[in-house]
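> Just one file: data.cif, with mmCIF, C-alpha atoms.
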data_protein
#
loop_
_atom_site.label_atom_id
_atom_site.label_comp_id
_atom_site.auth_asym_id
_atom_site.auth_seq_id
_atom_site.Cartn_x
_atom_site.Cartn_y
_atom_site.Cartn_z
CA LYS A 1 63.27 -2.06 -1.80
CA ILE A 2 66.32 -1.71 0.42
CA VAL A 3 65.58 1.96 1.00
CA LYS A 4 61.85 1.33 1.35
CA ASP A 5 62.22 -1.10 4.27
CA LYS A 6 65.19 0.84 5.69
CA ALA A 7 67.46 -2.12 4.93
CA ALA A 8 65.70 -4.32 7.50
CA ALA A 9 65.69 -7.48 5.37
CA LEU A 10 69.23 -6.93 4.13
CA THR A 11 70.45 -6.22 7.66
CA HIS A 12 68.82 -9.42 8.94
CA LEU A 13 70.50 -11.47 6.22
CA ALA A 14 73.85 -9.74 6.71
CA THR A 15 73.69 -10.35 10.47
CA GLN A 16 73.21 -14.08 9.96
CA ALA A 17 76.02 -14.31 7.43
CA LYS A 18 78.31 -12.27 9.68
CA GLU A 19 77.58 -14.51 12.68
CA PHE A 20 78.50 -17.54 10.59
CA ALA A 21 81.67 -15.87 9.29
CA GLU A 22 82.75 -14.99 12.84
CA SER A 23 81.96 -18.46 14.23
CA GLU A 24 84.22 -21.46 14.51
CA ALA A 25 82.22 -23.27 11.83
CA GLY A 26 83.99 -26.19 10.22
CA ASN A 27 86.32 -27.07 13.09
CA GLY A 28 89.09 -24.92 11.63
CA ARG A 29 88.77 -26.40 8.15
CA LEU A 30 86.63 -23.48 6.91
CA LYS A 31 88.64 -20.65 8.47
CA VAL A 32 89.89 -19.19 5.17
CA GLU A 33 86.46 -19.52 3.59
CA ARG A 34 84.79 -17.75 6.53
CA GLU A 35 87.32 -14.91 6.12
CA LEU A 36 86.49 -14.70 2.40
CA LEU A 37 82.79 -14.58 3.30
CA ALA A 38 83.39 -11.78 5.81
CA THR A 39 85.33 -9.75 3.24
CA ALA A 40 82.63 -10.28 0.61
CA LEU A 41 79.97 -9.25 3.11
CA ASP A 42 81.87 -6.07 3.90
CA ASP A 43 82.25 -5.32 0.20
CA ALA A 44 78.55 -5.99 -0.47
CA GLN A 45 77.65 -3.58 2.29
CA GLY A 46 80.06 -1.11 0.72
CA ILE A 47 78.18 -1.38 -2.58
CA VAL A 48 74.90 -0.73 -0.79
CA GLY A 49 76.46 2.26 0.95
CA ALA A 50 77.76 3.65 -2.34
CA MET A 51 74.35 3.24 -3.95
CA ILE A 52 72.59 4.95 -1.05
CA GLY A 53 75.09 7.79 -1.34
CA GLN A 54 74.40 8.01 -5.06
CA LEU A 55 70.67 8.08 -4.40
CA MET A 56 71.00 10.78 -1.75
CA SER A 57 73.18 12.89 -4.05
CA SER A 58 70.41 12.83 -6.66
CA ASP A 59 68.17 15.09 -4.57
CA PRO A 60 68.16 18.38 -6.48
CA ASN A 61 67.02 20.20 -3.32
CA ALA A 62 70.11 19.12 -1.39
CA GLU A 63 73.30 21.12 -1.57
CA GLY A 64 75.27 19.87 -4.57
CA GLY A 65 72.47 17.48 -5.47
CA ASP A 66 72.12 16.42 -9.08
CA LEU A 67 69.08 14.48 -10.26
CA ALA A 68 71.23 12.70 -12.86
CA ASN A 69 73.02 10.84 -10.04
CA VAL A 70 70.00 8.56 -9.76
CA TYR A 71 71.33 6.92 -12.94
CA LYS A 72 74.35 5.75 -10.97
CA VAL A 73 72.01 3.69 -8.82
CA GLY A 74 70.49 2.15 -11.93
CA LEU A 75 73.92 1.41 -13.35
CA ASN A 76 74.74 -0.60 -10.21
CA THR A 77 71.52 -2.51 -9.56
CA THR A 78 72.45 -5.62 -11.53
CA ARG A 79 75.87 -5.56 -9.90
CA LEU A 80 74.30 -5.47 -6.43
CA LEU A 81 71.84 -8.27 -7.18
CA THR A 82 74.62 -10.48 -8.54
CA VAL A 83 76.86 -9.80 -5.54
CA LEU A 84 74.07 -10.50 -3.06
CA GLY A 85 73.22 -13.72 -4.89
CA ASP A 86 76.85 -14.84 -4.76
CA LEU A 87 77.08 -13.90 -1.11
CA VAL A 88 73.97 -15.87 -0.16
CA CYS A 89 75.08 -18.88 -2.23
CA ALA A 90 78.49 -18.88 -0.55
CA TRP A 91 76.99 -18.58 2.91
CA LEU A 92 74.55 -21.45 2.29
CA LEU A 93 77.25 -23.63 0.73
CA LEU A 94 79.53 -23.00 3.69
CA ARG A 95 76.76 -23.86 6.12
CA GLN A 96 76.31 -27.13 4.23
CA ALA A 97 80.05 -27.73 4.40
CA GLU A 98 79.95 -27.25 8.16
CA VAL A 99 77.25 -29.93 8.45
CA ALA A 100 79.22 -32.19 6.11
CA LEU A 101 82.40 -31.82 8.18
CA ASP A 102 80.47 -32.71 11.32
CA LYS A 103 79.14 -35.83 9.58
CA LEU A 104 82.60 -36.74 8.31
CA GLY A 105 83.81 -36.68 11.91
CA GLY A 106 81.59 -39.68 12.60
CA ASP A 107 80.99 -43.09 11.11
CA VAL A 108 79.67 -42.76 7.54
CA SER A 109 79.32 -45.09 4.58
CA ALA A 110 81.66 -44.76 1.61
CA SER A 111 78.95 -43.18 -0.55
CA ASP A 112 78.00 -40.74 2.20
CA GLN A 113 81.67 -39.89 2.71
CA ALA A 114 82.04 -39.01 -0.98
CA PHE A 115 78.84 -36.93 -0.83
CA TYR A 116 80.00 -34.97 2.23
CA GLU A 117 83.49 -34.47 0.82
CA GLY A 118 81.84 -33.08 -2.31
CA LYS A 119 79.83 -30.61 -0.23
CA VAL A 120 83.01 -29.34 1.43
CA ALA A 121 84.93 -29.13 -1.85
CA ALA A 122 82.09 -27.28 -3.62
CA ALA A 123 81.82 -24.72 -0.81
CA GLN A 124 85.56 -24.16 -0.73
CA TRP A 125 85.77 -23.83 -4.52
CA PHE A 126 82.91 -21.31 -4.59
CA ALA A 127 84.38 -19.25 -1.76
CA HIS A 128 87.84 -19.15 -3.34
CA THR A 129 86.65 -18.59 -6.91
CA VAL A 130 83.59 -16.36 -6.64
CA LEU A 131 83.85 -14.33 -3.45
CA PRO A 132 87.08 -12.47 -4.33
CA LYS A 133 85.25 -10.92 -7.31
CA VAL A 134 82.98 -9.02 -4.93
CA SER A 135 85.84 -6.65 -4.06
CA ALA A 136 86.20 -5.72 -7.72
CA GLU A 137 82.46 -5.13 -8.00
CA ARG A 138 82.65 -2.78 -5.03
CA ALA A 139 85.45 -0.80 -6.63
CA ILE A 140 83.40 -0.47 -9.81
CA ALA A 141 80.25 0.58 -7.93
CA GLU A 142 82.15 3.19 -5.95
CA SER A 143 83.70 4.69 -9.09
CA THR A 144 80.59 4.71 -11.26
CA ASP A 145 80.28 7.87 -13.29
CA LEU A 146 77.72 9.15 -15.77
CA ALA A 147 79.87 8.97 -18.92
CA VAL A 148 77.65 6.39 -20.60
CA MET A 149 74.50 8.31 -19.67
CA GLU A 150 75.91 11.52 -21.15
CA LEU A 151 76.38 10.03 -24.62
CA ASP A 152 74.15 11.34 -27.35
CA GLU A 153 71.35 8.94 -28.29
CA ALA A 154 72.84 8.74 -31.77
CA ALA A 155 75.76 6.81 -30.22
CA PHE A 156 73.44 3.89 -29.73
#
For the file at hand, write its structure as structure tokens.

Amino acid sequence: KIVKDKAAALTHLATQAKEFAESEAGNGRLKVERELLATALDDAQGIVGAMIGQLMSSDPNAEGGDLANVYKVGLNTTRLLTVLGDLVCAWLLLRQAEVALDKLGGDVSASDQAFYEGKVAAAQWFAHTVLPKVSAERAIAESTDLAVMELDEAAF
């Protein structure tokens, strides 16, 4: 679908996430988390780039093309979907944290204060715990080979 729509939807989403990551969201309290989001976004785009390269290298009519390379795309699809899901979740959680920090800057009830503090803590935890894994997923996607696809069927 990414190739079919020439990455229009993905580019739109990435642009919004990038704008948030580059903003001053969170009055300085979300600076590290915005940096983690920016890195994860870059790595997610790297995975997409690797997969497009793998797809292009599967054209048997192109110089050096090998149809078997299309399997590399298949081997990375779940990885890409997981990474994009984590990226979107982090971005939305951080947007919620920005709203929560704005609310905490005003007069709020004790129960609302706990709720907003929870929003900030959840976003920070997710950014620090989940987003760094995206870099590892990129490294795996970029080094995908066909070893598993070359096994004899009897191996399974």
> Tell me which protein, DNA and RNA residues are within 8 Å of region 34-51 of chain A, counting all atoms listed in the file, leaving out same-chain ones fewer than 5 positions away, and put them as a PyMOL selection string.
chain A and resi 14+17-18+20-22+72-73+76+80+83-84+87+90-91+94+127-128+131-132+134-135+137-138+141-142
> Please list as an NGL selection string every residue within 9 Å of Tyr116 (chain A), counting all atoms listed in the file and excluding residues in the same chain fewer than 4 positions away.
:A and (96-97 or 99-101 or 103-104 or 111-112 or 120-121)
> Quick one: 6 Å padding each side, axis-aligned, all listed atoms of region 113-126 of chain A - centre and edge lengths in Å to one decimal, as AutoDock Vina command-line options?

--center_x 82.3 --center_y -30.6 --center_z -0.9 --size_x 18.9 --size_y 30.6 --size_z 19.3
> Have a look at CA of Ala154 (chain A) and CA of Tyr71 (chain A) and let me know their distance in Å, one decimal.
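Distance reported for this atom pair: 19.0 Å.
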> Work out how far apart CA of Glu33 (chain A) and CA of Leu93 (chain A) are and give it in Å to one decimal.
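CA of Leu93 (chain A) lies at a distance of 10.5 Å from CA of Glu33 (chain A).
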> If I take CA of Asn69 (chain A) and CA of Ala147 (chain A), how far is one from the other in Å, to one decimal?
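It comes out at 11.4 Å.
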> What lies within 10 Å of Glu150 (chain A) using all atoms listed in the file, ignoring chain neighbours under 4 positions off, as a PyMOL selection string?
chain A and resi 68+145-146
> Compare A:Thr11, A:Gln54, A:Gln16, A:Ser23 by their minimum atom-to-atom distance to Leu75 (chain A), counting all atoms listed in the file, and give me the closest one.
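Going through A:Thr11, A:Gln54, A:Gln16, A:Ser23 one by one, the smallest distance to Leu75 (chain A) is for A:Gln54.
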